[in-house]
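Novice: This is the structure I have questions about; it appears just below.
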Number of protein chains: 2
Amino acid sequence: MKAVRLLLADDEHLIRGALAALLGLEEDLVVVAEAASGPEALAMARAHRPDVAVLDLQMPGADGVSVATSLRSELPECRTMIVTSHARPGHLKRALAAGVRGFVPKTVSAQRLAEIIRTVHGGGRYVDPELAADAISAGDSPLTAREAEVLDLAADGAPVAEIAERASLSQGTVRNYLSSAASKLGAENRHAAVRLARARGWV
Amino acid sequence: MKAVRLLLADDEHLIRGALAALLGLEEDLVVVAEAASGPEALAMARAHRPDVAVLDLQMPGADGVSVATSLRSELPECRTMIVTSHARPGHLKRALAAGVRGFVPKTVSAQRLAEIIRTVHGGGRYVDPELAADAISAGDSPLTAREAEVLDLAADGAPVAEIAERASLSQGTVRNYLSSAASKLGAENRHAAVRLARARGWV
DNA sequence: CGCATCCGATGACAAATGTCATCAACACCG
DNA sequence: CGGTGTTGATGACATTTGTCATCGGATGCG
(Lines give C-alpha, C1' and ligand atoms only; values in the text may rest on other atoms or scores of the structure.)
Protein backbone atom coordinates (compact mmCIF):
# COMPACT_ATOMS: atom_id res chain seq x y z
CA MET A 1 0.00 0.00 0.00
CA LYS A 2 1.33 3.38 -1.00
CA ALA A 3 1.78 6.13 1.54
CA VAL A 4 -0.62 9.09 1.68
CA ARG A 5 0.99 12.12 0.04
CA LEU A 6 0.46 15.29 2.10
CA LEU A 7 0.61 19.02 1.50
CA LEU A 8 1.11 21.11 4.65
CA ALA A 9 0.22 24.80 4.59
CA ASP A 10 0.79 27.02 7.62
CA ASP A 11 2.46 30.39 7.81
CA GLU A 12 4.25 29.57 11.06
CA HIS A 13 7.45 27.86 10.13
CA LEU A 14 7.90 26.45 13.62
CA ILE A 15 4.58 24.63 13.57
CA ARG A 16 4.76 23.57 9.96
CA GLY A 17 8.20 22.10 10.35
CA ALA A 18 7.41 20.35 13.60
CA LEU A 19 4.23 18.94 12.14
CA ALA A 20 5.98 17.75 9.01
CA ALA A 21 8.54 15.97 11.13
CA LEU A 22 5.96 14.31 13.34
CA LEU A 23 3.62 13.23 10.55
CA GLY A 24 6.59 12.01 8.54
CA LEU A 25 7.30 9.55 11.32
CA GLU A 26 4.07 7.74 10.53
CA GLU A 27 4.67 4.79 8.24
CA ASP A 28 1.83 5.51 5.89
CA LEU A 29 2.12 9.30 5.63
CA VAL A 30 4.62 11.31 3.63
CA VAL A 31 4.82 15.10 3.42
CA VAL A 32 5.52 15.96 -0.21
CA ALA A 33 5.12 19.74 -0.03
CA GLU A 34 4.98 22.65 2.40
CA ALA A 35 3.68 26.17 1.95
CA ALA A 36 3.63 29.34 4.06
CA SER A 37 0.85 31.25 2.31
CA GLY A 38 -2.37 30.71 0.43
CA PRO A 39 -1.01 31.31 -3.09
CA GLU A 40 2.05 29.24 -2.33
CA ALA A 41 -0.16 26.39 -1.17
CA LEU A 42 -2.00 26.46 -4.48
CA ALA A 43 1.23 26.47 -6.45
CA MET A 44 2.66 23.59 -4.46
CA ALA A 45 -0.54 21.62 -4.86
CA ARG A 46 -0.42 22.04 -8.62
CA ALA A 47 3.20 20.99 -8.72
CA HIS A 48 3.02 17.99 -6.38
CA ARG A 49 -0.59 16.82 -6.64
CA PRO A 50 -0.93 15.60 -3.03
CA ASP A 51 -3.61 13.17 -1.88
CA VAL A 52 -4.56 15.31 1.10
CA ALA A 53 -4.00 19.04 1.72
CA VAL A 54 -3.79 20.10 5.36
CA LEU A 55 -4.49 23.83 5.44
CA ASP A 56 -4.25 26.39 8.20
CA LEU A 57 -7.28 28.66 8.32
CA GLN A 58 -5.42 31.94 8.67
CA MET A 59 -2.65 32.47 6.18
CA PRO A 60 -1.32 35.51 4.33
CA GLY A 61 -2.62 35.95 0.80
CA ALA A 62 -5.62 33.64 0.90
CA ASP A 63 -7.19 31.82 3.80
CA GLY A 64 -7.58 28.06 4.03
CA VAL A 65 -11.17 28.04 2.86
CA SER A 66 -10.50 29.93 -0.35
CA VAL A 67 -7.51 27.69 -1.06
CA ALA A 68 -9.79 24.70 -0.55
CA THR A 69 -12.31 26.19 -2.96
CA SER A 70 -9.68 26.60 -5.66
CA LEU A 71 -8.33 23.12 -5.06
CA ARG A 72 -11.78 21.62 -5.39
CA SER A 73 -12.04 22.77 -8.99
CA GLU A 74 -8.40 22.39 -9.96
CA LEU A 75 -7.57 19.10 -8.27
CA PRO A 76 -10.86 17.35 -7.50
CA GLU A 77 -9.09 14.16 -6.45
CA CYS A 78 -7.22 16.02 -3.70
CA ARG A 79 -9.01 15.89 -0.33
CA THR A 80 -8.75 19.02 1.76
CA MET A 81 -8.86 19.58 5.49
CA ILE A 82 -8.57 22.61 7.73
CA VAL A 83 -6.56 22.88 10.93
CA THR A 84 -6.94 26.03 12.97
CA SER A 85 -6.43 27.64 16.34
CA HIS A 86 -9.32 30.09 16.29
CA ALA A 87 -12.29 28.30 14.83
CA ARG A 88 -15.56 30.15 14.53
CA PRO A 89 -18.91 28.59 13.66
CA GLY A 90 -19.18 30.49 10.39
CA HIS A 91 -15.79 29.27 9.26
CA LEU A 92 -16.85 25.67 9.63
CA LYS A 93 -19.93 26.26 7.49
CA ARG A 94 -17.97 27.98 4.76
CA ALA A 95 -15.37 25.23 4.87
CA LEU A 96 -17.92 22.48 4.45
CA ALA A 97 -19.52 24.39 1.62
CA ALA A 98 -16.10 24.51 -0.04
CA GLY A 99 -15.90 20.73 0.05
CA VAL A 100 -13.51 20.49 2.98
CA ARG A 101 -13.67 17.01 4.49
CA GLY A 102 -11.90 17.56 7.81
CA PHE A 103 -12.07 20.41 10.29
CA VAL A 104 -10.03 20.18 13.48
CA PRO A 105 -8.72 22.56 16.13
CA LYS A 106 -5.00 22.71 16.88
CA THR A 107 -5.70 21.39 20.35
CA VAL A 108 -5.80 17.80 19.10
CA SER A 109 -2.72 15.61 19.36
CA ALA A 110 -0.55 14.69 16.41
CA GLN A 111 -1.63 11.06 16.77
CA ARG A 112 -5.23 12.08 16.46
CA LEU A 113 -4.47 14.28 13.48
CA ALA A 114 -2.74 11.39 11.73
CA GLU A 115 -5.81 9.24 12.26
CA ILE A 116 -8.06 11.93 10.88
CA ILE A 117 -5.85 12.35 7.84
CA ARG A 118 -6.27 8.64 7.17
CA THR A 119 -10.03 8.93 7.60
CA VAL A 120 -10.21 11.82 5.17
CA HIS A 121 -7.98 10.09 2.68
CA GLY A 122 -10.22 7.06 2.83
CA GLY A 123 -13.14 9.19 1.74
CA GLY A 124 -14.53 9.83 5.21
CA ARG A 125 -15.24 13.11 6.91
CA TYR A 126 -14.33 14.40 10.31
CA VAL A 127 -15.50 17.50 12.13
CA ASP A 128 -14.50 18.25 15.69
CA PRO A 129 -17.60 17.54 17.81
CA GLU A 130 -17.29 20.66 19.89
CA LEU A 131 -16.94 22.90 16.85
CA ALA A 132 -19.88 21.17 15.23
CA ALA A 133 -22.01 21.78 18.31
CA ASP A 134 -21.01 25.45 18.35
CA ALA A 135 -21.88 25.79 14.68
CA ILE A 136 -25.30 24.25 15.18
CA SER A 137 -26.14 26.31 18.23
CA ALA A 138 -24.93 29.51 16.58
CA GLY A 139 -27.29 28.99 13.68
CA ASP A 140 -27.11 30.79 10.38
CA SER A 141 -26.25 34.39 9.87
CA PRO A 142 -29.41 36.53 9.96
CA LEU A 143 -27.65 39.24 7.99
CA THR A 144 -28.31 40.03 4.35
CA ALA A 145 -25.37 40.34 1.98
CA ARG A 146 -25.23 44.12 2.13
CA GLU A 147 -25.67 44.24 5.87
CA ALA A 148 -22.69 41.95 6.27
CA GLU A 149 -20.70 43.96 3.77
CA VAL A 150 -21.41 47.27 5.44
CA LEU A 151 -20.75 45.75 8.85
CA ASP A 152 -17.41 44.55 7.62
CA LEU A 153 -16.51 48.04 6.42
CA ALA A 154 -17.38 49.31 9.89
CA ALA A 155 -15.00 46.85 11.48
CA ASP A 156 -12.10 49.23 11.91
CA GLY A 157 -14.14 51.86 13.68
CA ALA A 158 -14.47 54.15 10.68
CA PRO A 159 -17.14 56.85 10.84
CA VAL A 160 -20.31 56.47 8.80
CA ALA A 161 -19.17 59.00 6.23
CA GLU A 162 -16.13 56.91 5.35
CA ILE A 163 -18.12 53.69 5.18
CA ALA A 164 -20.63 55.35 2.88
CA GLU A 165 -17.88 56.49 0.56
CA ARG A 166 -16.17 53.13 0.45
CA ALA A 167 -19.45 51.34 -0.19
CA SER A 168 -20.73 53.96 -2.62
CA LEU A 169 -23.88 54.39 -0.60
CA SER A 170 -25.59 57.33 0.99
CA GLN A 171 -24.89 57.92 4.65
CA GLY A 172 -28.52 57.40 5.50
CA THR A 173 -28.56 54.01 3.84
CA VAL A 174 -25.44 52.98 5.68
CA ARG A 175 -26.98 53.96 8.97
CA ASN A 176 -30.09 51.98 8.15
CA TYR A 177 -28.11 48.86 7.38
CA LEU A 178 -25.97 49.20 10.46
CA SER A 179 -29.02 49.77 12.60
CA SER A 180 -30.83 46.73 11.28
CA ALA A 181 -27.72 44.56 11.54
CA ALA A 182 -27.19 45.61 15.14
CA SER A 183 -30.80 44.93 16.06
CA LYS A 184 -30.72 41.51 14.36
CA LEU A 185 -27.65 40.62 16.37
CA GLY A 186 -29.06 42.07 19.56
CA ALA A 187 -26.15 44.46 19.88
CA GLU A 188 -26.30 47.87 21.48
CA ASN A 189 -24.43 49.57 18.66
CA ARG A 190 -22.60 48.73 15.48
CA HIS A 191 -19.26 48.22 17.17
CA ALA A 192 -20.62 45.56 19.47
CA ALA A 193 -22.38 44.13 16.43
CA VAL A 194 -19.08 43.85 14.61
CA ARG A 195 -17.61 41.96 17.53
CA LEU A 196 -20.53 39.56 17.71
CA ALA A 197 -20.50 38.87 13.99
CA ARG A 198 -16.75 38.34 14.12
CA ALA A 199 -17.03 35.92 17.00
CA ARG A 200 -19.49 33.83 15.02
CA GLY A 201 -17.49 34.01 11.81
CA TRP A 202 -20.24 35.85 9.95
CA VAL A 203 -17.99 38.55 8.57
CA MET B 1 27.71 18.21 29.90
CA LYS B 2 24.17 17.90 31.17
CA ALA B 3 21.23 18.53 28.90
CA VAL B 4 19.18 21.69 29.18
CA ARG B 5 15.89 20.94 30.98
CA LEU B 6 12.92 22.57 29.24
CA LEU B 7 9.36 23.48 30.16
CA LEU B 8 7.02 23.92 27.18
CA ALA B 9 3.79 25.86 27.63
CA ASP B 10 1.31 26.24 24.77
CA ASP B 11 -2.41 25.66 24.78
CA GLU B 12 -2.37 24.01 21.36
CA HIS B 13 -1.66 20.37 21.92
CA LEU B 14 -0.69 19.84 18.31
CA ILE B 15 2.03 22.44 18.38
CA ARG B 16 3.23 21.65 21.88
CA GLY B 17 3.55 17.97 21.15
CA ALA B 18 5.23 18.49 17.82
CA LEU B 19 7.63 20.95 19.35
CA ALA B 20 8.45 18.67 22.22
CA ALA B 21 9.22 15.88 19.80
CA LEU B 22 11.43 18.04 17.64
CA LEU B 23 13.35 19.69 20.45
CA GLY B 24 13.74 16.33 22.14
CA LEU B 25 15.69 15.16 19.12
CA GLU B 26 18.44 17.62 19.96
CA GLU B 27 21.23 15.99 21.92
CA ASP B 28 21.55 18.68 24.52
CA LEU B 29 17.88 19.50 25.09
CA VAL B 30 15.32 17.56 27.10
CA VAL B 31 11.68 18.49 27.63
CA VAL B 32 10.88 17.74 31.28
CA ALA B 33 7.41 19.27 31.46
CA GLU B 34 4.53 20.49 29.32
CA ALA B 35 1.61 22.75 30.14
CA ALA B 36 -1.51 23.93 28.34
CA SER B 37 -2.37 26.99 30.43
CA GLY B 38 -0.77 29.73 32.47
CA PRO B 39 -1.52 28.30 35.91
CA GLU B 40 -0.53 24.84 34.79
CA ALA B 41 2.77 26.19 33.50
CA LEU B 42 3.47 27.67 36.93
CA ALA B 43 2.62 24.44 38.69
CA MET B 44 4.78 22.37 36.36
CA ALA B 45 7.65 24.79 36.79
CA ARG B 46 7.47 24.48 40.56
CA ALA B 47 7.39 20.71 40.33
CA HIS B 48 10.11 20.19 37.76
CA ARG B 49 12.35 23.26 38.11
CA PRO B 50 13.37 23.53 34.46
CA ASP B 51 16.43 25.46 33.26
CA VAL B 52 14.48 27.24 30.56
CA ALA B 53 10.74 27.88 30.25
CA VAL B 54 9.44 28.32 26.70
CA LEU B 55 6.10 30.11 26.99
CA ASP B 56 3.42 30.89 24.46
CA LEU B 57 2.18 34.46 24.75
CA GLN B 58 -1.52 33.70 24.54
CA MET B 59 -2.72 31.02 26.90
CA PRO B 60 -5.88 30.50 28.93
CA GLY B 61 -5.67 31.56 32.57
CA ALA B 62 -2.58 33.73 32.47
CA ASP B 63 -0.56 34.93 29.52
CA GLY B 64 3.11 34.19 28.98
CA VAL B 65 4.31 37.49 30.38
CA SER B 66 2.52 37.13 33.69
CA VAL B 67 3.77 33.57 34.00
CA ALA B 68 7.27 34.89 33.39
CA THR B 69 6.79 37.51 36.07
CA SER B 70 5.77 34.90 38.61
CA LEU B 71 8.62 32.61 37.63
CA ARG B 72 11.11 35.41 38.04
CA SER B 73 10.35 35.69 41.73
CA GLU B 74 9.67 32.03 42.43
CA LEU B 75 12.42 30.40 40.40
CA PRO B 76 15.02 33.08 39.70
CA GLU B 77 17.45 30.55 38.24
CA CYS B 78 14.94 29.57 35.56
CA ARG B 79 15.39 31.53 32.33
CA THR B 80 12.20 32.41 30.51
CA MET B 81 11.47 33.01 26.87
CA ILE B 82 8.35 33.83 24.88
CA VAL B 83 7.28 32.29 21.59
CA THR B 84 4.27 33.79 19.86
CA SER B 85 2.37 34.10 16.63
CA HIS B 86 0.91 37.55 17.10
CA ALA B 87 3.63 39.72 18.56
CA ARG B 88 2.89 43.35 19.24
CA PRO B 89 5.45 45.98 20.19
CA GLY B 90 3.96 46.53 23.63
CA HIS B 91 4.14 42.84 24.44
CA LEU B 92 7.86 42.81 23.82
CA LYS B 93 8.37 45.71 26.19
CA ARG B 94 6.33 44.11 28.93
CA ALA B 95 8.13 40.84 28.41
CA LEU B 96 11.56 42.40 28.74
CA ALA B 97 10.41 44.25 31.85
CA ALA B 98 9.35 40.88 33.26
CA GLY B 99 12.86 39.57 32.84
CA VAL B 100 12.18 37.49 29.74
CA ARG B 101 15.44 36.71 27.93
CA GLY B 102 14.16 35.50 24.58
CA PHE B 103 11.33 36.73 22.36
CA VAL B 104 10.73 35.01 19.05
CA PRO B 105 7.89 34.69 16.54
CA LYS B 106 6.59 31.29 15.55
CA THR B 107 7.83 31.87 12.04
CA VAL B 108 11.35 30.76 12.98
CA SER B 109 12.46 27.21 12.32
CA ALA B 110 12.87 24.60 15.04
CA GLN B 111 16.61 24.57 14.42
CA ARG B 112 16.76 28.28 15.05
CA LEU B 113 14.62 27.94 18.17
CA ALA B 114 16.97 25.29 19.54
CA GLU B 115 19.91 27.62 19.01
CA ILE B 116 18.12 30.43 20.76
CA ILE B 117 17.27 28.19 23.69
CA ARG B 118 20.96 27.43 24.06
CA THR B 119 21.80 31.12 23.88
CA VAL B 120 19.26 31.94 26.57
CA HIS B 121 20.37 29.08 28.75
CA GLY B 122 23.94 30.33 28.48
CA GLY B 123 22.87 33.65 29.95
CA GLY B 124 22.47 35.44 26.63
CA ARG B 125 19.47 37.24 25.28
CA TYR B 126 17.73 37.07 21.94
CA VAL B 127 15.04 39.27 20.49
CA ASP B 128 13.77 38.88 16.96
CA PRO B 129 15.27 41.81 15.00
CA GLU B 130 12.07 42.65 13.20
CA LEU B 131 10.03 42.72 16.40
CA ALA B 132 12.69 44.84 18.04
CA ALA B 133 12.57 47.33 15.16
CA ASP B 134 8.78 47.49 15.42
CA ALA B 135 8.96 48.09 19.13
CA ILE B 136 11.45 50.91 18.73
CA SER B 137 9.55 52.61 15.93
CA ALA B 138 6.25 52.28 17.80
CA GLY B 139 7.66 54.11 20.80
CA ASP B 140 6.12 54.18 24.24
CA SER B 141 2.47 54.37 25.01
CA PRO B 142 1.38 58.01 25.34
CA LEU B 143 -1.61 56.96 27.41
CA THR B 144 -1.94 57.46 31.13
CA ALA B 145 -2.99 54.55 33.32
CA ARG B 146 -6.63 55.55 33.48
CA GLU B 147 -6.82 56.35 29.81
CA ALA B 148 -5.58 52.87 28.99
CA GLU B 149 -7.96 51.33 31.50
CA VAL B 150 -10.99 53.15 30.17
CA LEU B 151 -9.97 52.40 26.60
CA ASP B 152 -9.75 48.75 27.49
CA LEU B 153 -13.26 48.80 28.90
CA ALA B 154 -14.41 50.36 25.64
CA ALA B 155 -12.89 47.51 23.66
CA ASP B 156 -16.06 45.50 23.25
CA GLY B 157 -18.04 48.41 21.88
CA ALA B 158 -19.93 49.11 25.08
CA PRO B 159 -21.69 52.47 25.34
CA VAL B 160 -20.25 55.16 27.58
CA ALA B 161 -22.86 54.57 30.26
CA GLU B 162 -21.75 50.99 30.71
CA ILE B 163 -18.07 51.89 30.75
CA ALA B 164 -18.74 54.54 33.37
CA GLU B 165 -20.52 52.04 35.55
CA ARG B 166 -17.83 49.39 35.25
CA ALA B 167 -15.10 51.91 35.95
CA SER B 168 -17.06 53.66 38.70
CA LEU B 169 -16.62 56.98 37.00
CA SER B 170 -19.00 59.65 35.81
CA GLN B 171 -20.00 59.50 32.16
CA GLY B 172 -18.45 62.88 31.54
CA THR B 173 -15.12 61.76 32.91
CA VAL B 174 -15.20 58.67 30.75
CA ARG B 175 -15.87 60.74 27.68
CA ASN B 176 -13.00 63.03 28.57
CA TYR B 177 -10.58 60.15 28.89
CA LEU B 178 -11.74 58.52 25.70
CA SER B 179 -11.51 61.80 23.85
CA SER B 180 -7.99 62.48 25.05
CA ALA B 181 -6.88 58.93 24.36
CA ALA B 182 -8.26 59.09 20.83
CA SER B 183 -6.58 62.39 20.13
CA LYS B 184 -3.24 61.16 21.50
CA LEU B 185 -3.45 58.16 19.21
CA GLY B 186 -4.58 60.23 16.25
CA ALA B 187 -7.77 58.21 15.94
CA GLU B 188 -11.08 59.48 14.64
CA ASN B 189 -13.08 57.98 17.47
CA ARG B 190 -12.65 55.69 20.43
CA HIS B 191 -13.27 52.51 18.47
CA ALA B 192 -10.48 53.24 16.04
CA ALA B 193 -8.38 54.21 19.06
CA VAL B 194 -9.01 50.81 20.61
CA ARG B 195 -7.85 49.13 17.42
CA LEU B 196 -4.69 51.22 17.26
CA ALA B 197 -3.80 50.63 20.89
CA ARG B 198 -4.46 46.92 20.44
CA ALA B 199 -2.24 46.74 17.38
CA ARG B 200 0.61 48.28 19.35
CA GLY B 201 0.03 46.14 22.41
CA TRP B 202 -0.76 49.11 24.61
CA VAL B 203 -3.92 47.68 26.06
C1' DC C 1 7.34 76.72 47.49
C1' DG C 2 5.79 76.88 42.76
C1' DC C 3 4.83 74.22 38.78
C1' DA C 4 3.35 70.40 36.15
C1' DT C 5 0.66 66.35 35.76
C1' DC C 6 -2.87 63.25 36.65
C1' DC C 7 -7.40 62.25 38.45
C1' DG C 8 -12.25 63.21 38.56
C1' DA C 9 -16.00 65.98 37.79
C1' DT C 10 -19.43 69.42 35.59
C1' DG C 11 -21.73 72.06 31.99
C1' DA C 12 -22.43 73.36 27.38
C1' DC C 13 -22.35 72.80 22.59
C1' DA C 14 -21.65 70.63 18.07
C1' DA C 15 -21.37 66.54 15.56
C1' DA C 16 -22.19 61.74 14.83
C1' DT C 17 -25.16 58.03 15.42
C1' DG C 18 -29.40 55.22 16.10
C1' DT C 19 -34.18 54.80 15.04
C1' DC C 20 -38.36 55.09 12.58
C1' DA C 21 -41.61 55.92 8.85
C1' DT C 22 -41.91 56.03 4.16
C1' DC C 23 -40.98 55.63 -0.66
C1' DA C 24 -39.57 53.32 -5.14
C1' DA C 25 -37.28 49.89 -8.02
C1' DC C 26 -36.26 45.25 -8.69
C1' DA C 27 -36.15 40.25 -8.45
C1' DC C 28 -37.94 35.97 -7.12
C1' DC C 29 -41.44 32.66 -6.04
C1' DG C 30 -45.84 30.30 -5.65
C1' DC D 1 -50.42 38.07 -11.02
C1' DG D 2 -49.69 39.44 -6.22
C1' DG D 3 -46.81 38.95 -2.27
C1' DT D 4 -42.36 39.06 -0.22
C1' DG D 5 -37.71 40.45 0.48
C1' DT D 6 -33.64 43.12 -0.78
C1' DT D 7 -31.60 47.23 -2.14
C1' DG D 8 -31.21 52.15 -1.88
C1' DA D 9 -32.79 56.46 -0.61
C1' DT D 10 -34.84 60.58 2.21
C1' DG D 11 -36.38 63.23 6.21
C1' DA D 12 -37.17 63.84 10.98
C1' DC D 13 -36.11 63.11 15.59
C1' DA D 14 -33.91 61.60 19.95
C1' DT D 15 -29.85 59.93 21.80
C1' DT D 16 -25.01 59.30 22.07
C1' DT D 17 -20.66 60.87 21.47
C1' DG D 18 -16.80 64.12 20.91
C1' DT D 19 -14.86 68.42 22.25
C1' DC D 20 -13.78 72.25 25.05
C1' DA D 21 -13.39 75.24 29.05
C1' DT D 22 -13.11 75.03 33.74
C1' DC D 23 -12.82 73.59 38.40
C1' DG D 24 -10.70 71.27 42.70
C1' DG D 25 -7.73 67.96 44.92
C1' DA D 26 -3.71 65.05 44.98
C1' DT D 27 0.95 63.95 43.82
C1' DG D 28 5.54 64.58 42.54
C1' DC D 29 9.62 67.28 41.33
C1' DG D 30 13.22 70.93 41.02
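Here, A, B, ... name the chains of the C-alpha coordinates in the order displayed, residue numbers run from 1 inside each chain, and ligands are numbered from 1 in the same displayed order.
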For the contact check between chain D and stretch 162-175 of chain B, emit one row per residue of chain D within 10 Å, containing the shortest atom pair and the distance in Å rounded to one decimal, counting only C-alpha atoms (C1' of nucleotides), chain then rising number order, as a Markdown table.
Specialist:
| residue | atom | partner | partner_atom | distance |
| --- | --- | --- | --- | --- |
| D:DT17 | C1' | B:Arg175 | CA | 7.8 |
| D:DG18 | C1' | B:Arg175 | CA | 7.6 |
| D:DT19 | C1' | B:Arg175 | CA | 9.5 |
Novice: Up to 9 Å from chain A, what residues of chain D turn up? Count only C-alpha atoms (C1' of nucleotides) and give them as an NGL selection string.
Specialist: :D and (6-10)
Novice: Only N, CA and C atoms (P, O5', C5', C4', C3', O3' and C1' of nucleotides), please: the residues just picked out, written as an mmCIF file, in the first residue's frame.
Specialist:
data_model
loop_
_atom_site.group_PDB
_atom_site.id
_atom_site.type_symbol
_atom_site.label_atom_id
_atom_site.label_comp_id
_atom_site.auth_asym_id
_atom_site.auth_seq_id
_atom_site.Cartn_x
_atom_site.Cartn_y
_atom_site.Cartn_z
ATOM 1 P P DT D 6 -34.554 39.813 3.170
ATOM 2 O "O5'" DT D 6 -33.731 40.634 2.090
ATOM 3 C "C5'" DT D 6 -33.374 39.997 0.874
ATOM 4 C "C4'" DT D 6 -32.871 41.042 -0.099
ATOM 5 C "C3'" DT D 6 -31.961 42.095 0.545
ATOM 6 O "O3'" DT D 6 -30.713 42.111 -0.117
ATOM 7 C "C1'" DT D 6 -33.644 43.121 -0.779
ATOM 8 P P DT D 7 -29.536 43.035 0.380
ATOM 9 O "O5'" DT D 7 -29.663 44.345 -0.521
ATOM 10 C "C5'" DT D 7 -29.652 44.233 -1.928
ATOM 11 C "C4'" DT D 7 -30.069 45.562 -2.544
ATOM 12 C "C3'" DT D 7 -29.266 46.768 -2.031
ATOM 13 O "O3'" DT D 7 -28.543 47.334 -3.103
ATOM 14 C "C1'" DT D 7 -31.605 47.225 -2.139
ATOM 15 P P DG D 8 -27.355 48.338 -2.817
ATOM 16 O "O5'" DG D 8 -28.079 49.766 -2.652
ATOM 17 C "C5'" DG D 8 -28.719 50.355 -3.772
ATOM 18 C "C4'" DG D 8 -29.551 51.529 -3.318
ATOM 19 C "C3'" DG D 8 -28.873 52.491 -2.338
ATOM 20 O "O3'" DG D 8 -28.458 53.657 -3.031
ATOM 21 C "C1'" DG D 8 -31.208 52.154 -1.884
ATOM 22 P P DA D 9 -27.816 54.885 -2.243
ATOM 23 O "O5'" DA D 9 -29.090 55.734 -1.831
ATOM 24 C "C5'" DA D 9 -29.960 56.194 -2.851
ATOM 25 C "C4'" DA D 9 -31.204 56.815 -2.235
ATOM 26 C "C3'" DA D 9 -30.924 57.897 -1.189
ATOM 27 O "O3'" DA D 9 -30.997 59.172 -1.795
ATOM 28 C "C1'" DA D 9 -32.794 56.462 -0.612
ATOM 29 P P DT D 10 -30.545 60.452 -0.997
ATOM 30 O "O5'" DT D 10 -31.839 60.913 -0.193
ATOM 31 C "C5'" DT D 10 -33.074 61.002 -0.867
ATOM 32 C "C4'" DT D 10 -34.153 61.359 0.145
ATOM 33 C "C3'" DT D 10 -33.732 62.421 1.164
ATOM 34 O "O3'" DT D 10 -34.527 63.579 0.979
ATOM 35 C "C1'" DT D 10 -34.839 60.585 2.211
#
Novice: Distance limit 9 Å, atoms considered: only C-alpha atoms. Which chain A residues sit that close to chain B? Return them as number ranges by chain.
Specialist: A: 11-22, 85, 105-111, 113, 156-159, 188-195
Novice: Define the interface residues of chain C facing chain A as those within 10 Å, counting only C-alpha atoms (C1' of nucleotides), and report them as number ranges by chain.
Specialist: C: 16-20
Novice: Just want the 12 Å neighbourhood of C:DC28, counted on only C-alpha atoms (C1' of nucleotides), with same-chain residues fewer than 6 positions away dropped. Output as a ChimeraX atom specification.
Specialist: /D:3-6
Novice: What residues in stretch 89-201 of chain A get the DSSP label strand (DSSP E)? Please answer as a count of residues only.
Specialist: 6
Novice: For A:His121, work out the shell of residues within 8 Å, counting only C-alpha atoms (C1' of nucleotides) and skipping chain neighbours fewer than 4 positions away, then give it as number ranges by chain.
Specialist: A: 4, 51-52, 79, 117
Novice: Looking only at the backbone, which of the residues in chain A does DSSP tag as alpha helix (DSSP H), as a PyMOL selection string?
Specialist: chain A and resi 13-24+38-48+64-74+89-97+110-121+129-138+145-153+160-167+171-185+190-200
Novice: In Å to one decimal, how far is atom CA of A:Leu29 from atom CA of A:Ala3?
Specialist: 5.2 Å
Novice: Give me the residues near B:Gly124 as a list in words, where near means some atom within 10 Å (using only C-alpha atoms (C1' of nucleotides)) and where sequence neighbours in that chain fewer than 5 positions away do not count.
Specialist: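 Counting only the stated atoms, we get Arg79, Arg101, Gly102, Ile116, Ile117, Arg118 and Thr119 of chain B.
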Novice: Fewer than 6 positions away in the same chain doesn't count, so skip those; otherwise give me all residues within 10 Å of B:Thr80, counting only C-alpha atoms (C1' of nucleotides), as a list in words.
Specialist: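 The filter keeps Leu6, Leu7, Pro50, Asp51, Val52, Ala53, Val54, Leu55, Gly64, Val65, Val67, Ala68, Thr69, Leu71, Arg72, Ala95, Ala98, Gly99, Val100, Arg101, Gly102, Phe103, Ile117, Val120 and His121 of chain B.
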